[in-house]
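Everything on this sheet refers to the single structure shown next.
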Amino acid sequence: MSRKNQYQQLKTPNQTKKSPKILGYSFSKDVSKEAPKEPSSSTNLRDEWIPFGIDNLFPQELSELSRSASTHRAILSTKTTFSIGEGLKTNNKALRTLLEDVNIYGESMDDVARKVISDYWKIGNGYMEVVVGQGYLNFFHQDGTTARVHKKGKHILLHPDWENARRFPDEMRKVPIYPDFKKEDNGNVYRTMIHFADYESTYYYYGMPDYCAALDHIRIANQIGVYNLTRFKNGFMPSAIVELNADMGEDEAQDFIDDAVEKLTGAGDNSKILFIAKNGDGDATNVNIIQDTSDGSFMELQKITNDNIISAHRWNPALSGIQVAGQLGNNQQILTAYDIAMSTVIKEPQNMFLKILKKILKTERGISASDLSFYTKPPVSLLGAISPTDFISIEEGREIFHLPKLSPAELEKLKEEKASSKKEVKEEVKEEVKEEVREGEAEESTDKKE
């Protein structure tokens with residue numbers, strides 16, 4: 001065998017590389033969630049209730065989300081405010097008296113309606129309990145997070161802690177859904193529960209909030225705020241780092257680090273100068289200037305997220321005081337947005353609530369409430385766009401501002417001055433228009449020649 005072949009045989013084992021062995025792997029956590037699905041009618045349920053969500057805590061999750069994202073919360077609050085408006089109004093004095101005090105807690109019908117409609121917007125379901133007794137008719141709001149539908153669909157089950165409902169079954173209360181009533185106190189008291197919910201295909205027992213398509217965006221909006229807050233609290237951003245040559249022991253170095261963390265992180269501690277003392281090596285002092293140009297993270301993502309939340313709510317941001325770049329919005333634009341929101345979004349739950357309330361008042365107390373309605377008014381008016389001088393005279397204006405009266409000659413002179421001033425303004429406007437027309441004609445003539 002030649003020396004060349006021997007050399008290659010000796011070299012080959014050393015040059016062969018083994019493929020790296022995969023010791024393990026994992027995927028990042030999937031935090032996105034879809035709206036829960038209801039169990040089918042053929043599913044055998046182990047409990048008496050139909051679970052709302054995989055863990056039966058979807059309403060609790062929606063309630064927490066309503067407190068976690070500012071845009072989402074602002075829209076929910078405004079929807080409730082617009083739905084109630086100035087409250088329920090009627091010309092029937094007896095009905096007005098009845099609606100001023102509707103339960104043992106001294107709540108008015110406006111108070112109960114506000115809570116029920118707030119739950120309706122927040123979790124897609126609102127619950128109002130009706131109690132009919134000897135000579136009285138009471139209405140109570142029941143927190144939507146405490147209510148679940150019985151598996152037979154004929155009752156509402158109320159429990160203060162659904163996470164531990166199996167451990168404490170005695171705390172559960174069962175109320176039939178209207179028009180069925182539960183008889184109590186030997187027939188002297190009757191109870192029923194009204195369940196307000198919109199139709200949603202594949203959902204037969206629970207309603208879904210209209211913003212359900214933006215659940216992930218609401219979670220993202222919350223996490224952006226949490227991320228930036230954490231970054232702010234833990235951020236280490238001195239304005240400069242100065243390295244000094246000096247002798248320092250290990251204990252002194254640790255004390256220095258602890259002191260730097262305390263004084264250079266958190267609110268009010270940014271843009272300070274950090275001094276580092278090193279063992280002397282004869283080098284000159286080194287100064288590093290740090291430029292902080294950070295405006296926060298995920299700014300573009302936050303804009304996209306807010307846009308999706310607003311769209312899912314079918315809302316106009318101007319109605320909730322949400323600023324949108326490039327859209328100042330005058331009173332007329334806000335009024336237009338308000339009219340659209342009232343006719344396409346707000347009227348539906350208002351009519352739903354009024355319809356069932358009028359029916360109960362008629363059947364249980366024989367009270368006709370045909371004129372009962374929510375009195376609403378827009379958040380702004382057009383009064384600011386009206387010029388007072390178009391509707392009041394000079395004499396009336398001077399009287400309003402407590403100015404002395406003018407003599408006939410002075411009044412005539414003032415009128416002439418105002419008329420002359422208006423004429424001059426009109427002439428200036430005409431001249432500006434003519435000048436723009438001449439410039440436009442000149443440009444067209446130049447373009448034709450070219």
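Residue numbering restarts at 1 in every chain; chains get A, B, ... in the order shown in the structure tokens, and ligands count up from 1 in that same order.
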
Apply DSSP to the backbone of this structure and, from region 315-410 of chain A, keep only the residues in helix (DSSP H, G or I); write these as a PyMOL selection string. chain A and resi 317-320+331-365+383-385+388-390+394-400+408-410

How about saving the chosen residues, C-alpha atoms kept, as a CSV table (one decimal), in the first residue's frame?
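Below you can see out.csv, which holds the result:
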```csv
chain,number,residue,atom,x,y,z
A,317,PRO,CA,-63.6,56.1,18.6
A,318,ALA,CA,-64.7,59.8,18.8
A,319,LEU,CA,-67.7,58.7,20.9
A,320,SER,CA,-65.5,57.3,23.6
A,331,ASN,CA,-69.5,68.6,16.6
A,332,GLN,CA,-71.3,67.7,13.4
A,333,GLN,CA,-69.1,64.7,12.8
A,334,ILE,CA,-69.6,63.5,16.4
A,335,LEU,CA,-73.4,63.9,16.0
A,336,THR,CA,-73.4,61.9,12.8
A,337,ALA,CA,-71.3,59.1,14.5
A,338,TYR,CA,-73.7,59.2,17.5
A,339,ASP,CA,-76.8,58.8,15.2
A,340,ILE,CA,-75.2,55.8,13.5
A,341,ALA,CA,-74.3,54.2,16.8
A,342,MET,CA,-77.7,54.7,18.2
A,343,SER,CA,-79.5,53.2,15.2
A,344,THR,CA,-77.1,50.3,14.6
A,345,VAL,CA,-75.8,49.4,18.0
A,346,ILE,CA,-77.6,50.9,21.0
A,347,LYS,CA,-81.3,50.5,19.9
A,348,GLU,CA,-81.2,46.7,19.9
A,349,PRO,CA,-80.6,46.2,23.7
A,350,GLN,CA,-82.8,49.1,24.5
A,351,ASN,CA,-85.7,47.6,22.6
A,352,MET,CA,-85.0,44.1,24.1
A,353,PHE,CA,-85.1,45.5,27.6
A,354,LEU,CA,-88.2,47.6,27.1
A,355,LYS,CA,-90.2,44.9,25.4
A,356,ILE,CA,-89.9,42.4,28.3
A,357,LEU,CA,-90.3,45.1,31.0
A,358,LYS,CA,-93.5,46.4,29.4
A,359,LYS,CA,-94.9,42.9,29.1
A,360,ILE,CA,-94.3,42.1,32.8
A,361,LEU,CA,-95.8,45.4,33.9
A,362,LYS,CA,-98.9,44.7,31.8
A,363,THR,CA,-99.4,41.0,32.8
A,364,GLU,CA,-98.4,41.3,36.5
A,365,ARG,CA,-99.8,44.7,37.4
A,383,LEU,CA,-75.2,75.5,19.7
A,384,GLY,CA,-71.5,76.3,19.4
A,385,ALA,CA,-71.8,76.5,15.7
A,388,PRO,CA,-75.6,84.8,18.2
A,389,THR,CA,-75.5,87.9,15.9
A,390,ASP,CA,-77.7,85.9,13.4
A,394,ILE,CA,-77.3,94.8,18.7
A,395,GLU,CA,-79.5,96.2,21.5
A,396,GLU,CA,-80.3,92.7,22.8
A,397,GLY,CA,-76.7,91.8,22.8
A,398,ARG,CA,-75.7,94.9,24.7
A,399,GLU,CA,-78.4,94.2,27.2
A,400,ILE,CA,-77.2,90.6,27.8
A,408,PRO,CA,-80.1,106.4,17.9
A,409,ALA,CA,-77.2,108.2,16.2
A,410,GLU,CA,-74.5,105.9,17.9
```

With a distance cut-off of 8 Å and only C-alpha atoms, select the neighbouring residues of Thr305 (chain A), excluding the residue or stretch itself and same-chain residues fewer than 6 positions from it, and output the selection as number ranges by chain. A: 217-218, 220-221

Write the residues of the preceding selection, restricted to C-alpha atoms, as a short mmCIF file (atom, residue, chain, number, x, y, z; two decimals), in the first residue's frame.
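Result written to result-v6.cif:
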```cif
data_model
loop_
_atom_site.label_atom_id
_atom_site.label_comp_id
_atom_site.auth_asym_id
_atom_site.auth_seq_id
_atom_site.Cartn_x
_atom_site.Cartn_y
_atom_site.Cartn_z
CA HIS A 217 -56.44 41.80 20.39
CA ILE A 218 -57.78 42.81 23.81
CA ILE A 220 -52.50 41.87 23.30
CA ALA A 221 -53.45 45.43 24.31
#
```

Test item: residues at most 12 Å from Glu171 (chain A), only C-alpha atoms, excluding those fewer than 2 positions along its chain, as a PDB file with C-alpha atoms, in the first residue's frame:
```
ATOM      1  CA  THR A 146     -72.678  34.150  38.884  1.00  0.00           C
ATOM      2  CA  LEU A 157     -78.485  28.522  38.406  1.00  0.00           C
ATOM      3  CA  LEU A 158     -76.843  31.170  40.616  1.00  0.00           C
ATOM      4  CA  HIS A 159     -73.626  30.483  42.526  1.00  0.00           C
ATOM      5  CA  PRO A 160     -71.166  32.988  44.028  1.00  0.00           C
ATOM      6  CA  ASP A 161     -68.083  30.889  43.183  1.00  0.00           C
ATOM      7  CA  TRP A 162     -68.340  28.707  40.088  1.00  0.00           C
ATOM      8  CA  ASN A 164     -65.674  25.727  43.553  1.00  0.00           C
ATOM      9  CA  ALA A 165     -69.337  25.018  42.749  1.00  0.00           C
ATOM     10  CA  ARG A 166     -68.920  21.255  43.133  1.00  0.00           C
ATOM     11  CA  ARG A 167     -67.449  21.673  46.614  1.00  0.00           C
ATOM     12  CA  PHE A 168     -70.233  23.966  47.812  1.00  0.00           C
ATOM     13  CA  PRO A 169     -73.465  22.830  46.104  1.00  0.00           C
ATOM     14  CA  ARG A 173     -79.902  28.787  43.851  1.00  0.00           C
ATOM     15  CA  LYS A 174     -82.282  27.717  41.067  1.00  0.00           C
TER      16      LYS A 174
END
```

Those in region 124-225 of chain A with strand (DSSP E or B) from DSSP, as a ChimeraX atom specification: /A:125-133,136-142,147-150,155-158,173-177,182-184,189-197,200,203

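Note that the spacing between CA of Gly135 (chain A) and CA of Thr90 (chain A) amounts to 21.6 Å.
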
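The space separating CA of Gly133 (chain A) from CA of Leu99 (chain A) comes to 16.1 Å.
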
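Proximity to region 91-98 of chain A at 10 Å, evaluated using only C-alpha atoms and with sequence-adjacent residues fewer than 3 positions away removed, yields Leu88, Asp101, Val102, Ser108, Met109, Tyr136, Leu137, Asn138, Leu361, Ile367, Ser368, Ala369, Ser370, Asp371 and Leu372 of chain A.
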